[in-house]
Structures are given as structure tokens and as C-alpha cells.
>>> print(open('structure.cif').read())   # mmCIF, C-alpha atoms and all ligand atoms
data_run
loop_
_atom_site.label_atom_id
_atom_site.label_comp_id
_atom_site.auth_asym_id
_atom_site.auth_seq_id
_atom_site.Cartn_x
_atom_site.Cartn_y
_atom_site.Cartn_z
CA SER N 303 0.00 0.00 0.00
CA ASN N 304 1.19 3.48 -0.67
CA LEU N 305 2.66 4.41 2.69
CA PRO N 306 3.91 7.99 3.00
CA LYS N 307 7.65 8.13 2.26
CA GLU N 308 8.51 9.78 5.56
CA LEU N 309 6.60 7.00 7.37
CA SER N 310 8.57 4.23 5.64
CA GLU N 311 11.82 6.09 6.30
CA LYS N 312 11.07 6.30 10.03
CA TYR N 313 9.38 2.92 10.65
CA MET N 314 9.57 -0.65 9.39
CA ILE N 315 6.07 -2.16 9.28
CA THR N 316 5.85 -5.92 9.82
CA LYS N 317 3.08 -8.38 10.70
CA LYS N 318 -0.60 -7.83 11.44
CA ILE N 319 -1.24 -8.21 15.20
CA GLY N 320 -4.89 -7.26 15.48
CA VAL N 321 -7.88 -6.57 13.27
CA GLY N 322 -10.32 -3.83 14.14
CA VAL N 323 -13.68 -2.79 12.76
CA CYS N 324 -12.28 0.14 10.82
CA GLY N 325 -8.75 -0.90 10.01
CA GLU N 326 -5.99 -3.15 11.27
CA VAL N 327 -3.15 -3.08 13.79
CA LYS N 328 0.38 -3.98 12.73
CA LEU N 329 3.67 -4.40 14.57
CA ALA N 330 6.19 -1.73 13.57
CA PHE N 331 9.77 -0.93 14.50
CA GLU N 332 11.12 2.58 14.81
CA ARG N 333 14.29 2.32 12.69
CA ALA N 334 16.32 4.79 14.73
CA THR N 335 15.71 3.09 18.11
CA CYS N 336 14.59 -0.42 17.06
CA LYS N 337 11.72 0.11 19.53
CA LYS N 338 8.55 -1.85 18.86
CA VAL N 339 5.33 0.12 18.35
CA ALA N 340 1.80 -0.66 17.17
CA LEU N 341 0.50 0.92 13.96
CA LYS N 342 -3.29 1.39 13.70
CA THR N 343 -4.38 2.18 10.16
CA ILE N 344 -7.77 3.80 9.81
CA ASN N 345 -9.17 3.83 6.27
CA LYS N 346 -11.10 7.01 5.71
CA LYS N 347 -13.44 5.25 3.25
CA ASP N 348 -14.53 2.89 6.03
CA PHE N 349 -16.31 5.71 7.77
CA PRO N 350 -20.07 5.32 7.28
CA ALA N 351 -21.20 8.87 6.52
CA SER N 352 -20.12 11.04 3.60
CA VAL N 353 -16.52 12.24 3.48
CA GLY N 354 -17.34 15.50 5.27
CA THR N 355 -18.59 14.15 8.55
CA ALA N 356 -16.16 11.20 8.33
CA THR N 357 -13.08 13.39 8.36
CA ARG N 358 -14.60 15.60 11.08
CA SER N 359 -15.30 12.58 13.31
CA ALA N 360 -11.88 11.10 12.54
CA GLU N 361 -10.20 14.43 13.22
CA ARG N 362 -12.09 14.68 16.52
CA GLU N 363 -10.80 11.24 17.44
CA ILE N 364 -7.23 12.16 16.48
CA GLN N 365 -7.58 15.35 18.56
CA ILE N 366 -8.77 13.29 21.57
CA LEU N 367 -6.00 10.70 21.10
CA GLN N 368 -3.33 13.41 21.11
CA LYS N 369 -4.81 15.34 24.04
CA ILE N 370 -5.40 12.52 26.57
CA ASP N 371 -2.68 11.69 29.07
CA HIS N 372 -3.41 8.89 31.59
CA PRO N 373 -1.64 5.60 32.35
CA CYS N 374 -4.81 3.64 31.43
CA LEU N 375 -5.55 5.39 28.14
CA ILE N 376 -3.71 4.49 24.93
CA LYS N 377 -1.10 7.06 23.90
CA THR N 378 -0.19 7.96 20.33
CA LYS N 379 3.52 8.16 19.54
CA ASP N 380 3.32 9.39 15.95
CA PHE N 381 0.80 10.22 13.28
CA PHE N 382 0.67 10.40 9.47
CA GLN N 383 -2.16 10.73 6.99
CA THR N 384 -2.77 10.31 3.27
CA ASP N 385 -5.88 11.05 1.19
CA ASP N 386 -7.39 7.70 2.11
CA SER N 387 -5.90 6.67 5.46
CA TYR N 388 -4.74 7.72 8.89
CA TYR N 389 -1.62 6.04 10.30
CA ILE N 390 -1.56 6.17 14.11
CA PHE N 391 1.52 4.86 15.92
CA LEU N 392 0.72 3.73 19.47
CA GLU N 393 2.39 2.09 22.42
CA LEU N 394 2.57 -1.67 21.98
CA MET N 395 0.06 -3.57 24.14
CA GLU N 396 1.50 -7.11 24.02
CA GLY N 397 -1.38 -8.60 26.00
CA GLY N 398 -3.79 -7.77 23.20
CA GLU N 399 -7.50 -7.17 23.72
CA LEU N 400 -9.35 -8.05 26.94
CA PHE N 401 -11.93 -9.54 24.52
CA ASP N 402 -9.50 -12.31 23.52
CA ARG N 403 -8.29 -12.82 27.11
CA VAL N 404 -11.89 -13.31 28.32
CA LYS N 405 -12.74 -15.54 25.35
CA SER N 406 -9.79 -17.87 25.87
CA LYS N 407 -9.56 -17.97 29.68
CA GLN N 408 -11.94 -20.17 31.65
CA GLN N 409 -12.70 -17.45 34.17
CA ILE N 410 -10.74 -14.39 35.20
CA LYS N 411 -10.19 -14.55 39.01
CA GLU N 412 -11.92 -11.85 41.05
CA PRO N 413 -8.75 -9.98 42.20
CA ILE N 414 -7.64 -9.73 38.54
CA ALA N 415 -11.09 -8.63 37.38
CA LYS N 416 -10.98 -6.00 40.14
CA LEU N 417 -7.51 -4.83 39.06
CA TYR N 418 -8.69 -4.39 35.44
CA PHE N 419 -12.00 -2.81 36.46
CA TYR N 420 -10.28 -0.35 38.82
CA GLN N 421 -8.02 0.79 35.97
CA MET N 422 -11.01 1.15 33.61
CA LEU N 423 -12.77 3.29 36.22
CA LYS N 424 -9.67 5.51 36.66
CA ALA N 425 -9.35 5.90 32.87
CA VAL N 426 -13.02 6.82 32.41
CA GLU N 427 -12.90 9.11 35.51
CA TYR N 428 -10.08 10.98 33.72
CA LEU N 429 -12.07 11.16 30.46
CA HIS N 430 -15.20 12.48 32.21
CA ASN N 431 -13.14 15.03 34.17
CA ASN N 432 -11.85 16.23 30.79
CA GLY N 433 -15.31 16.46 29.25
CA ILE N 434 -14.95 13.34 27.09
CA ILE N 435 -17.53 10.53 26.94
CA HIS N 436 -16.16 7.32 25.39
CA ARG N 437 -19.55 5.81 24.35
CA ASP N 438 -18.05 2.57 23.02
CA LEU N 439 -16.54 0.81 26.04
CA LYS N 440 -16.26 -2.93 25.34
CA PRO N 441 -13.67 -5.69 25.87
CA GLU N 442 -12.35 -5.14 22.32
CA ASN N 443 -11.38 -1.61 23.32
CA VAL N 444 -9.54 -2.59 26.52
CA LEU N 445 -5.92 -3.51 25.77
CA LEU N 446 -3.59 -5.42 28.10
CA SER N 447 0.05 -4.36 28.41
CA SER N 448 1.38 -7.89 28.90
CA HIS N 449 0.48 -11.58 28.87
CA ASP N 450 0.59 -11.63 32.68
CA ASP N 451 -2.73 -11.44 34.52
CA VAL N 452 -1.32 -8.64 36.67
CA CYS N 453 -0.76 -5.89 34.13
CA VAL N 454 -1.69 -2.34 33.14
CA ILE N 455 -4.74 -2.01 30.90
CA LYS N 456 -5.38 0.86 28.48
CA ILE N 457 -8.64 1.94 26.88
CA THR N 458 -8.60 2.74 23.17
CA ASP N 459 -10.82 3.62 20.15
CA PHE N 460 -12.38 7.06 20.52
CA ASN N 461 -14.32 6.76 17.27
CA GLN N 462 -17.67 7.10 19.05
CA SER N 463 -16.45 9.55 21.66
CA LYS N 464 -18.15 12.85 22.36
CA ILE N 465 -16.61 16.04 23.71
CA LEU N 466 -18.87 17.85 26.21
CA GLU N 467 -18.67 21.48 25.17
CA GLU N 468 -20.20 24.63 26.62
CA SER N 469 -23.54 24.40 24.84
CA ALA N 470 -26.16 26.92 23.82
CA LEU N 471 -28.46 24.95 26.14
CA MET N 472 -26.12 25.60 29.09
CA ARG N 473 -25.97 29.30 28.21
CA THR N 474 -29.77 29.38 28.02
CA LEU N 475 -29.95 27.98 31.56
CA CYS N 476 -27.81 30.87 32.81
CA GLY N 477 -30.46 33.41 31.83
CA THR N 478 -33.78 34.06 33.55
CA PRO N 479 -36.08 31.11 32.79
CA THR N 480 -39.26 33.25 32.68
CA TYR N 481 -40.26 32.13 29.19
CA LEU N 482 -38.45 28.73 29.13
CA ALA N 483 -40.53 25.62 28.38
CA PRO N 484 -40.29 22.74 30.92
CA GLU N 485 -38.71 20.33 28.43
CA VAL N 486 -35.71 22.66 28.16
CA PHE N 487 -34.96 21.80 31.80
CA THR N 488 -35.62 18.07 31.39
CA ASP N 489 -33.51 18.07 28.23
CA ALA N 490 -30.74 19.71 30.24
CA VAL N 491 -30.90 16.91 32.82
CA THR N 492 -30.73 14.27 30.05
CA VAL N 493 -27.70 15.93 28.44
CA GLY N 494 -26.16 16.29 31.90
CA TYR N 495 -26.32 12.52 32.39
CA SER N 496 -24.97 11.54 28.94
CA ARG N 497 -21.72 10.39 30.62
CA ALA N 498 -23.76 7.77 32.48
CA VAL N 499 -23.67 5.62 29.33
CA ASP N 500 -20.01 4.82 30.10
CA ALA N 501 -20.94 3.59 33.59
CA TRP N 502 -23.55 1.24 32.11
CA SER N 503 -21.06 -0.11 29.54
CA LEU N 504 -18.47 -0.75 32.26
CA GLY N 505 -21.13 -2.73 34.14
CA VAL N 506 -21.59 -4.90 31.05
CA VAL N 507 -17.81 -5.24 30.62
CA LEU N 508 -17.48 -6.27 34.28
CA VAL N 509 -20.07 -9.04 33.86
CA ASN N 510 -18.32 -10.10 30.64
CA THR N 511 -14.95 -10.20 32.40
CA PHE N 512 -16.35 -12.30 35.24
CA ILE N 513 -18.51 -14.84 33.44
CA CYS N 514 -17.12 -14.65 29.88
CA TYR N 515 -20.33 -13.48 28.31
CA PRO N 516 -22.45 -10.34 28.54
CA PRO N 517 -25.56 -9.96 30.75
CA PHE N 518 -27.80 -9.14 27.76
CA TYR N 519 -27.68 -11.55 24.87
CA PRO N 520 -30.03 -13.23 22.38
CA ASP N 521 -31.67 -16.19 24.13
CA ALA N 522 -35.00 -17.65 23.07
CA ARG N 523 -35.66 -18.80 26.65
CA ILE N 524 -35.76 -15.17 27.83
CA GLY N 525 -38.33 -14.38 25.12
CA LEU N 526 -37.10 -10.77 24.81
CA SER N 527 -34.89 -9.07 22.25
CA VAL N 528 -31.52 -7.85 23.53
CA SER N 529 -32.72 -4.24 23.31
CA ASP N 530 -35.85 -5.10 25.35
CA GLN N 531 -33.69 -6.88 27.96
CA ILE N 532 -31.56 -3.73 28.17
CA THR N 533 -34.39 -1.16 28.29
CA GLN N 534 -36.11 -3.24 30.97
CA GLY N 535 -32.85 -4.00 32.77
CA ILE N 536 -33.54 -7.73 32.69
CA TYR N 537 -30.54 -9.99 33.34
CA THR N 538 -29.81 -12.76 35.80
CA PHE N 539 -26.82 -13.76 37.92
CA ILE N 540 -26.56 -17.39 36.80
CA PRO N 541 -25.67 -19.15 40.13
CA SER N 542 -23.15 -21.60 38.62
CA LYS N 543 -21.29 -18.75 36.96
CA TRP N 544 -21.35 -16.36 39.95
CA ASP N 545 -20.61 -18.87 42.72
CA GLY N 546 -17.45 -17.84 44.53
CA ILE N 547 -17.74 -14.22 43.35
CA SER N 548 -18.23 -11.77 46.22
CA ASP N 549 -21.54 -10.05 47.00
CA ASP N 550 -19.71 -6.70 46.76
CA ALA N 551 -18.83 -7.45 43.12
CA LYS N 552 -22.44 -8.32 42.33
CA ASP N 553 -23.57 -5.16 44.12
CA VAL N 554 -21.40 -2.99 41.84
CA VAL N 555 -22.90 -4.71 38.78
CA LYS N 556 -26.46 -4.18 40.06
CA LYS N 557 -25.84 -0.47 40.69
CA LEU N 558 -24.15 0.11 37.32
CA LEU N 559 -26.84 -1.75 35.36
CA ARG N 560 -29.63 0.54 36.57
CA VAL N 561 -31.90 1.54 33.67
CA ASP N 562 -32.48 5.08 35.06
CA PRO N 563 -29.26 7.08 34.46
CA ASN N 564 -30.23 9.47 37.26
CA VAL N 565 -29.84 6.74 39.87
CA ARG N 566 -27.12 4.68 38.15
CA LEU N 567 -23.79 4.55 39.98
CA THR N 568 -21.44 7.23 38.66
CA ILE N 569 -17.77 6.45 37.97
CA GLU N 570 -16.84 8.45 41.08
CA GLU N 571 -19.35 6.52 43.22
CA ALA N 572 -18.11 3.20 41.80
CA LEU N 573 -14.55 4.10 42.88
CA GLN N 574 -15.92 4.64 46.41
CA HIS N 575 -17.81 1.31 46.44
CA PRO N 576 -16.63 -1.18 49.12
CA TRP N 577 -15.62 -3.64 46.36
CA LEU N 578 -13.07 -1.16 45.01
CA MET N 579 -12.07 0.32 48.36
CA VAL N 580 -10.44 -2.93 49.52
CA ARG N 581 -6.68 -2.65 50.14
CA PHE N 582 -4.79 -3.77 47.02
CA ILE N 583 -1.51 -5.58 47.35
CA ALA N 584 1.05 -3.14 45.99
CA VAL N 585 1.90 -4.61 42.60
CA SER N 586 5.30 -3.71 41.23
CA LEU N 587 4.85 -4.32 37.52
CA PRO N 588 8.09 -5.23 35.72
CA GLY N 589 9.46 -3.13 32.91
CA PRO N 590 8.10 0.06 31.42
CA SER N 591 4.55 -0.70 32.45
CA ALA N 592 5.53 -0.17 36.09
CA ILE N 593 3.61 3.08 36.15
CA ASN N 594 1.41 4.08 39.04
CA VAL N 595 -2.14 3.69 37.72
CA GLY N 596 -3.76 4.80 40.92
CA THR N 597 -3.68 4.58 44.68
CA PHE N 598 -2.94 0.87 45.14
CA THR N 599 -2.60 0.80 48.91
CA THR N 600 -1.29 -2.31 50.67
C1 LIG E 701 -7.45 4.45 17.98
C2 LIG E 701 -8.06 3.15 17.71
N1 LIG E 701 -9.20 3.01 17.06
N2 LIG E 701 -9.86 4.06 16.55
C3 LIG E 701 -10.85 3.79 15.62
N3 LIG E 701 -11.44 4.68 15.02
N4 LIG E 701 -11.17 2.48 15.48
O1 LIG E 701 -12.50 2.21 15.27
C4 LIG E 701 -7.38 1.90 18.11
C5 LIG E 701 -8.10 0.70 18.10
C6 LIG E 701 -7.47 -0.48 18.44
C7 LIG E 701 -6.11 -0.48 18.79
N5 LIG E 701 -5.55 -1.72 19.08
C8 LIG E 701 -4.25 -1.93 19.42
O2 LIG E 701 -3.43 -1.05 19.60
C9 LIG E 701 -3.85 -3.33 19.56
C10 LIG E 701 -4.64 -4.45 19.34
C11 LIG E 701 -3.79 -5.55 19.58
C12 LIG E 701 -3.98 -6.93 19.53
C13 LIG E 701 -2.89 -7.78 19.82
C14 LIG E 701 -1.63 -7.26 20.17
C15 LIG E 701 -1.46 -5.88 20.22
N6 LIG E 701 -0.20 -5.31 20.54
O3 LIG E 701 -0.05 -4.06 20.61
O4 LIG E 701 0.77 -6.09 20.79
C16 LIG E 701 -2.54 -5.03 19.93
N7 LIG E 701 -2.60 -3.66 19.92
C17 LIG E 701 -5.41 0.73 18.84
C18 LIG E 701 -6.05 1.91 18.48
#
>>> encode(input="structure.cif", output="C-alpha cells", more="lines below")
Ligand SMILES: C/C(=N\NC(=N)NO)c1ccc(NC(=O)c2cc3cccc([N+](=O)[O-])c3[nH]2)cc1
Amino acid sequence: SNLPKELSEKYMITKKIGVGVCGEVKLAFERATCKKVALKTINKKDFPASVGTATRSAEREIQILQKIDHPCLIKTKDFFQTDDSYYIFLELMEGGELFDRVKSKQQIKEPIAKLYFYQMLKAVEYLHNNGIIHRDLKPENVLLSSHDDVCVIKITDFNQSKILEESALMRTLCGTPTYLAPEVFTDAVTVGYSRAVDAWSLGVVLVNTFICYPPFYPDARIGLSVSDQITQGIYTFIPSKWDGISDDAKDVVKKLLRVDPNVRLTIEEALQHPWLMVRFIAVSLPGPSAINVGTFTT
């Protein structure tokens, strides 16, 4: 493929290491340092809408990728673009996607699930504090830094993300409401809770991590479509799958999978939940991933 000359001069691209929805991930070597990096190629033509909105949404994602700075969010190391593709160089995440780890492993042990979930919460707490809603949290978008169970995880793929900006609606609410219709206020509340979608998704990811499949899935025995199961908040803790998992863990799931976003656990509240407040054993991760991802107290 017609890689930009300056890209080929700086990096040697080798094998495919992951396949995404809108492009693939390849292993690359920076020629000057021989350091390994991941190259995510995003084909502009793969974007659904017309070129206009596609490039805007892609440029918004690139802007987010270059702005974010947290140990549990993927970092870009370099960036090139041609007329038909974006080339994003990222830190290598040798453990691959949580999706594949959950698929292959019989069951991820609770302390490991808690370690991953804590890091996801810290990453999403950072995003929300910076006015970014991810809106596509799923095991495919959680990368593991190594093959060890005890490792740093990083969230990726900001294709669906939204930046919360000062809106006309917010400015309207600053004025005197004398002539304002009631729905303007209720709309404001709805917009104000849009970040709650990430808390719901993390609840689904947590169930998936624990019992290897999601709480809402097509099953004739339930007699409801997946979307009906979700809108009615209908799921069950299958005893055989949840035996041996603590009541605190189940309590976090129940409070994240609340249909009403106004009462759903926020990221901040989840970080205060007894399940996450337990003392962690201080884990000294080997190699470059030995970054402090949060207050792991012994
Ligand atoms: C930014 C982004 N996606 N953005 C987007 N619009 N996609 O829809 C994005 C999506 C996925 C990834 N994935 C990886 O970096 C990634 C996947 C994978 C699998 C095995 C092994 C490795 N590895 O780094 O060793 C992997 N890295 C990295 C970036």
C-alpha cells in the first residue's frame, strides 16, 4: 500500500497483530531506536457517513488521542495521513484485547477482574473530568500491556467519543427562565447525564470479564430481544457462573446496570464502592509498564 515516504523512512512495518472494525493493527519498528510500536491504520473510506462528517469525526478522534494523558488510556507516539488513510503509531500492548483474554480464559479470578476494572474506572474518571464521553466501552477496546494477569490495561478507540462542550443549552440555563418551556430543563438533565452511558457499559464489561459473556444476549428462553432486555434492565446472575464471586462485586454490577441514568452509579461513586475500596496488594509491575495507575494501597 502506498505508505507515506517519511513514514517508511522512520518505521519498518511488519506483521498484522490485530484486526479492528475500521482498520488493522500492525507491529512496527522505529528504525532509529529499534523500539517496537503498534501501527493502527484507519481507512477514511470505512467511515459510514459522507466524506465531510467522516473526516470531522476522525479528526475529533485524532484530537482526543493526542490530548489525553493517563496511564490507562492508549497514547499515540506518531501520526501520518494520506488522502485515504490515517496512520496512528501507538504504544505496543502485548497482551492484546481483553476480549480475547476473556474468550480464551476459563474465568478471570476476582482480584484480577478488580484490578482491570479499577483501571477502567480511573481511565473513564479521567475522560469524564476532561469532558470526554467514550460511548463505546467494550472488551475489544480494553488492551492489556502484557500476557501476565497482573498488568496495566489501556482503553482505546475514541471513534464514538463525544466532547462535552459549553452548549447553547447551558448558556440558556444561565439566563432568567421566565419564558423557558419545561422540556428545556428536562432536556438539560438528560444531556447532563450523557456520561452515564459509560458507567452502564463498564457494568456490562465487568459481567463479561467475570462470566465470559455479557448480561444481555439473544436467548430464546428469555423471550425478549436484547434491546428489550436492556431497556427493561432484565438480566440474571446465573448461580453456577457467579458462585465464589463476592456479593460486593455483584452489588457494583447491580448499581451500574440501573436503567435510570439518574440513579445509576457514577464512575466516582463506583470508585468509592466497598468492592473497590479494599486494600490492594502493591503490585510492582516489571518493565516500562511499572507506572502508578492509581492509589494501590497495601
Ligand atoms: C485508535 C483506535 N481506534 N480508533 C478507531 N477509530 N477504530 O474504530 C485503536 C483501536 C485499536 C487499537 N488496538 C491496538 O493497539 C492493539 C490491538 C492488539 C492486539 C494484539 C496485540 C497488540 N499489541 O499491541 O501487541 C494489539 N494492539 C489501537 C487503536
>>> residues_around(input="structure.cif", residues="Glu468 in chain N", least_positions_apart="5", cutoff="12 Å", atoms="only C-alpha atoms", output="list of chain:residue names")
N:Gly433, N:Arg473, N:Thr474, N:Leu475, N:Cys476, N:Val493, N:Gly494
>>> atom_distance(input="structure.cif", atom1="CA of Asp489 in chain N", atom2="CA of Gln534 in chain N")
21.6 Å
>>> closest_residue(input="structure.cif", among="N:Asp530, N:Glu485, N:Glu396, N:Asp438", to="ligand LIG 701 (chain E)", atoms="all atoms listed in the file")
N:Glu396
>>> atom_distance(input="structure.cif", atom1="atom C10 of ligand LIG 701 (chain E)", atom2="CA of Thr458 in chain N")
9.1 Å
>>> residues_near_ligand(input="structure.cif", ligand="ligand LIG 701 (chain E)", cutoff="9 Å", atoms="only C-alpha atoms and all ligand atoms", output="ChimeraX atom specification")
/N:318-329,339-344,349,359-360,363-364,367,376-378,390-399,402,442-448,457-462
>>> closest_residue(input="structure.cif", among="N:Lys411, N:Lys317, N:Lys556, N:Lys456", to="Ile513 in chain N", atoms="all atoms listed in the file")
N:Lys411
>>> atom_distance(input="structure.cif", atom1="CA of Leu567 in chain N", atom2="CA of Asp500 in chain N")
10.6 Å
>>> residues_around(input="structure.cif", residues="Asp521 in chain N", least_positions_apart="6", cutoff="12 Å", atoms="only C-alpha atoms", output="number ranges by chain")
N: 527-528, 530-531, 537
>>> residues_around(input="structure.cif", residues="Ile536 in chain N", least_positions_apart="5", cutoff="10 Å", atoms="all atoms listed in the file", output="list in words")
Pro517, Phe518, Ile524, Leu526, Val528, Asp530, Gln531, Leu559, Arg560 and Val561 of chain N
>>> write_last_selection(input="structure.cif", atoms="C-alpha atoms", output="JSON list (two decimals), keeping the file's coordinate frame")
[["chain", "number", "residue", "atom", "x", "y", "z"],
["N", 517, "PRO", "CA", -25.56, -9.96, 30.75],
["N", 518, "PHE", "CA", -27.80, -9.14, 27.76],
["N", 524, "ILE", "CA", -35.76, -15.17, 27.83],
["N", 526, "LEU", "CA", -37.10, -10.77, 24.81],
["N", 528, "VAL", "CA", -31.52, -7.85, 23.53],
["N", 530, "ASP", "CA", -35.85, -5.10, 25.35],
["N", 531, "GLN", "CA", -33.69, -6.88, 27.96],
["N", 559, "LEU", "CA", -26.84, -1.75, 35.36],
["N", 560, "ARG", "CA", -29.63, 0.54, 36.57],
["N", 561, "VAL", "CA", -31.90, 1.54, 33.67]]
